[in-house]
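> What follows is coords-v1.cif, mmCIF, N, CA and C atoms and all ligand atoms.
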```cif
data_protein
loop_
_atom_site.label_atom_id
_atom_site.label_comp_id
_atom_site.auth_asym_id
_atom_site.auth_seq_id
_atom_site.Cartn_x
_atom_site.Cartn_y
_atom_site.Cartn_z
N MET A 42 -12.43 1.49 5.81
CA MET A 42 -12.26 0.52 4.71
C MET A 42 -11.52 -0.71 5.23
N PRO A 43 -11.99 -1.89 4.91
CA PRO A 43 -11.32 -3.12 5.36
C PRO A 43 -9.92 -3.23 4.78
N THR A 44 -8.96 -3.56 5.62
CA THR A 44 -7.58 -3.64 5.14
C THR A 44 -7.40 -4.80 4.18
N GLU A 45 -8.20 -5.85 4.34
CA GLU A 45 -8.02 -7.02 3.47
C GLU A 45 -8.21 -6.64 2.01
N GLU A 46 -9.17 -5.79 1.74
CA GLU A 46 -9.41 -5.40 0.36
C GLU A 46 -8.24 -4.63 -0.21
N ARG A 47 -7.68 -3.77 0.62
CA ARG A 47 -6.55 -2.97 0.12
C ARG A 47 -5.35 -3.87 -0.15
N LEU A 48 -5.15 -4.86 0.71
CA LEU A 48 -4.05 -5.78 0.49
C LEU A 48 -4.25 -6.55 -0.81
N ALA A 49 -5.47 -6.98 -1.04
CA ALA A 49 -5.75 -7.74 -2.26
C ALA A 49 -5.46 -6.90 -3.49
N MET A 50 -5.77 -5.61 -3.40
CA MET A 50 -5.54 -4.75 -4.55
C MET A 50 -4.04 -4.57 -4.80
N THR A 51 -3.29 -4.34 -3.74
CA THR A 51 -1.87 -4.08 -3.93
C THR A 51 -1.11 -5.35 -4.30
N ASN A 52 -1.68 -6.52 -3.98
CA ASN A 52 -1.01 -7.76 -4.34
C ASN A 52 -1.17 -8.10 -5.82
N ASP A 53 -2.09 -7.43 -6.46
CA ASP A 53 -2.33 -7.72 -7.86
C ASP A 53 -1.31 -6.98 -8.71
N ASP A 54 -0.21 -7.66 -9.04
CA ASP A 54 0.84 -6.99 -9.80
C ASP A 54 0.96 -7.60 -11.19
N ARG A 55 -0.18 -8.02 -11.72
CA ARG A 55 -0.19 -8.54 -13.08
C ARG A 55 -0.91 -7.56 -14.00
N CYS A 56 -0.48 -7.55 -15.24
CA CYS A 56 -1.07 -6.65 -16.21
C CYS A 56 -2.53 -7.03 -16.44
N THR A 57 -3.40 -6.04 -16.36
CA THR A 57 -4.82 -6.29 -16.55
C THR A 57 -5.10 -6.73 -17.98
N ASN A 58 -4.30 -6.27 -18.92
CA ASN A 58 -4.56 -6.55 -20.33
C ASN A 58 -3.99 -7.90 -20.77
N CYS A 59 -2.71 -8.15 -20.50
CA CYS A 59 -2.07 -9.34 -21.04
C CYS A 59 -1.73 -10.37 -19.96
N GLY A 60 -1.82 -10.00 -18.68
CA GLY A 60 -1.59 -10.97 -17.61
C GLY A 60 -0.13 -11.14 -17.24
N ASP A 61 0.76 -10.42 -17.89
CA ASP A 61 2.17 -10.50 -17.55
C ASP A 61 2.42 -9.90 -16.17
N GLU A 62 3.46 -10.42 -15.52
CA GLU A 62 3.84 -9.82 -14.25
C GLU A 62 4.41 -8.43 -14.48
N ILE A 63 4.13 -7.54 -13.53
CA ILE A 63 4.59 -6.16 -13.65
C ILE A 63 5.77 -5.96 -12.72
N ASP A 64 6.78 -5.30 -13.22
CA ASP A 64 7.91 -4.93 -12.38
C ASP A 64 7.51 -3.72 -11.55
N THR A 65 7.07 -3.99 -10.34
CA THR A 65 6.51 -2.92 -9.52
C THR A 65 7.60 -2.03 -8.92
N SER A 66 8.86 -2.38 -9.16
CA SER A 66 9.93 -1.51 -8.67
C SER A 66 10.12 -0.31 -9.58
N GLN A 67 9.48 -0.39 -10.75
CA GLN A 67 9.55 0.73 -11.67
C GLN A 67 8.15 1.29 -11.89
N TRP A 68 8.11 2.45 -12.50
CA TRP A 68 6.81 3.06 -12.80
C TRP A 68 6.04 2.18 -13.76
N TYR A 69 4.74 2.09 -13.55
CA TYR A 69 3.89 1.39 -14.50
C TYR A 69 2.54 2.09 -14.54
N PRO A 70 1.88 2.00 -15.69
CA PRO A 70 0.61 2.72 -15.85
C PRO A 70 -0.50 2.10 -15.00
N VAL A 71 -1.32 2.95 -14.47
CA VAL A 71 -2.44 2.52 -13.63
C VAL A 71 -3.68 3.28 -14.06
N VAL A 72 -4.79 2.56 -14.11
CA VAL A 72 -6.07 3.19 -14.40
C VAL A 72 -7.00 2.92 -13.23
N THR A 73 -7.69 3.95 -12.79
CA THR A 73 -8.69 3.75 -11.75
C THR A 73 -10.08 3.98 -12.31
N ARG A 74 -10.99 3.14 -11.92
CA ARG A 74 -12.38 3.30 -12.32
C ARG A 74 -13.25 3.15 -11.09
N THR A 75 -14.39 3.78 -11.14
CA THR A 75 -15.35 3.62 -10.06
C THR A 75 -16.48 2.73 -10.54
N VAL A 76 -16.59 1.56 -9.93
CA VAL A 76 -17.62 0.61 -10.31
C VAL A 76 -18.49 0.34 -9.10
N ASP A 77 -19.77 0.59 -9.24
CA ASP A 77 -20.69 0.41 -8.11
C ASP A 77 -20.19 1.13 -6.87
N SER A 78 -19.72 2.36 -7.07
CA SER A 78 -19.22 3.22 -6.01
C SER A 78 -17.99 2.66 -5.32
N GLU A 79 -17.34 1.66 -5.93
CA GLU A 79 -16.07 1.17 -5.41
C GLU A 79 -14.97 1.56 -6.39
N VAL A 80 -13.86 2.05 -5.85
CA VAL A 80 -12.75 2.42 -6.72
C VAL A 80 -11.94 1.16 -7.04
N GLN A 81 -11.79 0.89 -8.31
CA GLN A 81 -11.03 -0.27 -8.74
C GLN A 81 -9.74 0.20 -9.39
N LEU A 82 -8.67 -0.53 -9.11
CA LEU A 82 -7.36 -0.16 -9.62
C LEU A 82 -6.92 -1.20 -10.64
N TYR A 83 -6.56 -0.73 -11.82
CA TYR A 83 -6.07 -1.61 -12.86
C TYR A 83 -4.64 -1.22 -13.20
N SER A 84 -3.75 -2.18 -13.12
CA SER A 84 -2.35 -1.90 -13.43
C SER A 84 -1.96 -2.60 -14.72
N PHE A 85 -0.99 -2.00 -15.41
CA PHE A 85 -0.58 -2.50 -16.72
C PHE A 85 0.93 -2.54 -16.81
N CYS A 86 1.43 -3.47 -17.66
CA CYS A 86 2.88 -3.63 -17.76
C CYS A 86 3.49 -2.48 -18.56
N ASP A 87 2.74 -1.92 -19.48
CA ASP A 87 3.23 -0.75 -20.20
C ASP A 87 2.06 0.03 -20.80
N GLU A 88 2.41 1.13 -21.41
CA GLU A 88 1.36 2.02 -21.90
C GLU A 88 0.59 1.42 -23.07
N ASP A 89 1.26 0.54 -23.85
CA ASP A 89 0.56 -0.09 -24.96
C ASP A 89 -0.60 -0.94 -24.46
N CYS A 90 -0.34 -1.70 -23.40
CA CYS A 90 -1.40 -2.53 -22.83
C CYS A 90 -2.51 -1.66 -22.26
N ARG A 91 -2.13 -0.58 -21.64
CA ARG A 91 -3.15 0.30 -21.09
C ARG A 91 -4.04 0.84 -22.21
N ASP A 92 -3.41 1.20 -23.32
CA ASP A 92 -4.19 1.74 -24.44
C ASP A 92 -5.03 0.66 -25.11
N ASP A 93 -4.50 -0.58 -25.13
CA ASP A 93 -5.24 -1.68 -25.76
C ASP A 93 -6.45 -2.08 -24.94
N TRP A 94 -6.31 -1.93 -23.63
CA TRP A 94 -7.35 -2.45 -22.74
C TRP A 94 -8.64 -1.65 -22.87
N THR A 95 -9.74 -2.38 -22.96
CA THR A 95 -11.04 -1.73 -22.96
C THR A 95 -11.82 -2.21 -21.74
N PRO A 96 -12.34 -1.29 -20.99
CA PRO A 96 -13.13 -1.65 -19.81
C PRO A 96 -14.30 -2.54 -20.18
N ASP A 97 -14.72 -3.35 -19.21
CA ASP A 97 -15.85 -4.25 -19.45
C ASP A 97 -17.01 -3.51 -20.06
N SER A 98 -17.53 -4.02 -21.13
CA SER A 98 -18.71 -3.40 -21.72
C SER A 98 -19.92 -3.75 -20.88
N PRO A 99 -20.82 -2.86 -20.78
CA PRO A 99 -22.02 -3.04 -19.94
C PRO A 99 -22.84 -4.26 -20.37
ZN ZN B 101 0.54 -6.09 -20.49
#
```
In C-alpha cells, write the structure found in this file.
Ligand SMILES: [Zn+2]

Amino acid sequence: MPTEERLAMTNDDRCTNCGDEIDTSQWYPVVTRTVDSEVQLYSFCDEDCRDDWTPDSP
C-alpha cells in the first residue's frame, strides 16, 4: 500500500459530519467503510455527529 495514502488519511483530523477539528489526543469515534474495495476511514468529533452522519447515497 502506498504510504502517501495512509498519511493523507491520518492527516484528516476533521469531523466528517460537521467539519470541526477533532482533538486527536483523546478518543473519538471512527467509522470505516469499504468503497470500491478501498477501506475509507471517517472520523467524528463526537458520537452525535457519527450518528447524524449518513453515508453517501448511491
Ligand atoms: Zn462533528
> Smallest atom-to-atom distance to ligand ZN 101 (chain B): which of A:Asp97, A:Cys59, A:Arg74, A:Ser66, using all atoms listed in the file?
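Once distances to ligand ZN 101 (chain B) are computed over all atoms listed in the file, the minimum belongs to A:Cys59.
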> Which residues form the shell of 8 Å around ligand ZN 101 (chain B) when you count all atoms listed in the file, given as a PDB file with N, CA and C atoms, in the frame of the given file?

```pdb
ATOM      1  N   ARG A  55      -0.180  -8.020 -11.720  1.00  0.00           N
ATOM      2  CA  ARG A  55      -0.190  -8.540 -13.080  1.00  0.00           C
ATOM      3  C   ARG A  55      -0.910  -7.560 -14.000  1.00  0.00           C
ATOM      4  N   CYS A  56      -0.480  -7.550 -15.240  1.00  0.00           N
ATOM      5  CA  CYS A  56      -1.070  -6.650 -16.210  1.00  0.00           C
ATOM      6  C   CYS A  56      -2.530  -7.030 -16.440  1.00  0.00           C
ATOM      7  N   THR A  57      -3.400  -6.040 -16.360  1.00  0.00           N
ATOM      8  CA  THR A  57      -4.820  -6.290 -16.550  1.00  0.00           C
ATOM      9  C   THR A  57      -5.100  -6.730 -17.980  1.00  0.00           C
ATOM     10  N   ASN A  58      -4.300  -6.270 -18.920  1.00  0.00           N
ATOM     11  CA  ASN A  58      -4.560  -6.550 -20.330  1.00  0.00           C
ATOM     12  C   ASN A  58      -3.990  -7.900 -20.770  1.00  0.00           C
ATOM     13  N   CYS A  59      -2.710  -8.150 -20.500  1.00  0.00           N
ATOM     14  CA  CYS A  59      -2.070  -9.340 -21.040  1.00  0.00           C
ATOM     15  C   CYS A  59      -1.730 -10.370 -19.960  1.00  0.00           C
ATOM     16  N   GLY A  60      -1.820 -10.000 -18.680  1.00  0.00           N
ATOM     17  CA  GLY A  60      -1.590 -10.970 -17.610  1.00  0.00           C
ATOM     18  C   GLY A  60      -0.130 -11.140 -17.240  1.00  0.00           C
ATOM     19  N   ASP A  61       0.760 -10.420 -17.890  1.00  0.00           N
ATOM     20  CA  ASP A  61       2.170 -10.500 -17.550  1.00  0.00           C
ATOM     21  C   ASP A  61       2.420  -9.900 -16.170  1.00  0.00           C
ATOM     22  N   GLU A  62       3.460 -10.420 -15.520  1.00  0.00           N
ATOM     23  CA  GLU A  62       3.840  -9.820 -14.250  1.00  0.00           C
ATOM     24  C   GLU A  62       4.410  -8.430 -14.480  1.00  0.00           C
ATOM     25  N   ILE A  63       4.130  -7.540 -13.530  1.00  0.00           N
ATOM     26  CA  ILE A  63       4.590  -6.160 -13.650  1.00  0.00           C
ATOM     27  C   ILE A  63       5.770  -5.960 -12.720  1.00  0.00           C
ATOM     28  N   SER A  84      -3.750  -2.180 -13.120  1.00  0.00           N
ATOM     29  CA  SER A  84      -2.350  -1.900 -13.430  1.00  0.00           C
ATOM     30  C   SER A  84      -1.960  -2.600 -14.720  1.00  0.00           C
ATOM     31  N   PHE A  85      -0.990  -2.000 -15.410  1.00  0.00           N
ATOM     32  CA  PHE A  85      -0.580  -2.500 -16.720  1.00  0.00           C
ATOM     33  C   PHE A  85       0.930  -2.540 -16.810  1.00  0.00           C
ATOM     34  N   CYS A  86       1.430  -3.470 -17.660  1.00  0.00           N
ATOM     35  CA  CYS A  86       2.880  -3.630 -17.760  1.00  0.00           C
ATOM     36  C   CYS A  86       3.490  -2.480 -18.560  1.00  0.00           C
ATOM     37  N   ASP A  87       2.740  -1.920 -19.480  1.00  0.00           N
ATOM     38  CA  ASP A  87       3.230  -0.750 -20.200  1.00  0.00           C
ATOM     39  C   ASP A  87       2.060   0.030 -20.800  1.00  0.00           C
ATOM     40  N   GLU A  88       2.410   1.130 -21.410  1.00  0.00           N
ATOM     41  CA  GLU A  88       1.360   2.020 -21.900  1.00  0.00           C
ATOM     42  C   GLU A  88       0.590   1.420 -23.070  1.00  0.00           C
ATOM     43  N   ASP A  89       1.260   0.540 -23.850  1.00  0.00           N
ATOM     44  CA  ASP A  89       0.560  -0.090 -24.960  1.00  0.00           C
ATOM     45  C   ASP A  89      -0.600  -0.940 -24.460  1.00  0.00           C
ATOM     46  N   CYS A  90      -0.340  -1.700 -23.400  1.00  0.00           N
ATOM     47  CA  CYS A  90      -1.400  -2.530 -22.830  1.00  0.00           C
ATOM     48  C   CYS A  90      -2.510  -1.660 -22.260  1.00  0.00           C
ATOM     49  N   ARG A  91      -2.130  -0.580 -21.640  1.00  0.00           N
ATOM     50  CA  ARG A  91      -3.150   0.300 -21.090  1.00  0.00           C
ATOM     51  C   ARG A  91      -4.040   0.840 -22.210  1.00  0.00           C
TER      52      ARG A  91
END
```
> From a DSSP pass on the backbone, collect the residues of region 53-95 of chain A flagged as alpha helix (DSSP H) and hand them back as a list of chain:residue names.
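Restricting region 53-95 of chain A to alpha helix (DSSP H) produces A:Glu88, A:Asp89, A:Cys90, A:Arg91, A:Asp92, A:Asp93.
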> Could you state the separation of CA of Thr95 (chain A) and CA of Ser78 (chain A) in Å, given to one decimal place?
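Atom-to-atom, CA of Thr95 (chain A) and CA of Ser78 (chain A) are spaced 19.5 Å apart.
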> Could you work out how far atom N of Trp94 (chain A) lies from atom N of Asp64 (chain A), giving the answer in Å with one decimal?
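Atom N of Asp64 (chain A) sits 17.1 Å away from atom N of Trp94 (chain A).
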> What gap, in Å, lies between CA of Asp54 (chain A) and CA of Tyr83 (chain A)?
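For CA of Asp54 (chain A) relative to CA of Tyr83 (chain A), the distance reads 9.3 Å.
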> List every residue of region 47-87 of chain A that DSSP, applied to the backbone of this structure, places in strand (DSSP E), and write the result as JSON, numbers by chain.
{"A": [71, 72, 73, 74, 75, 76, 79, 80, 81, 82, 83, 84]}
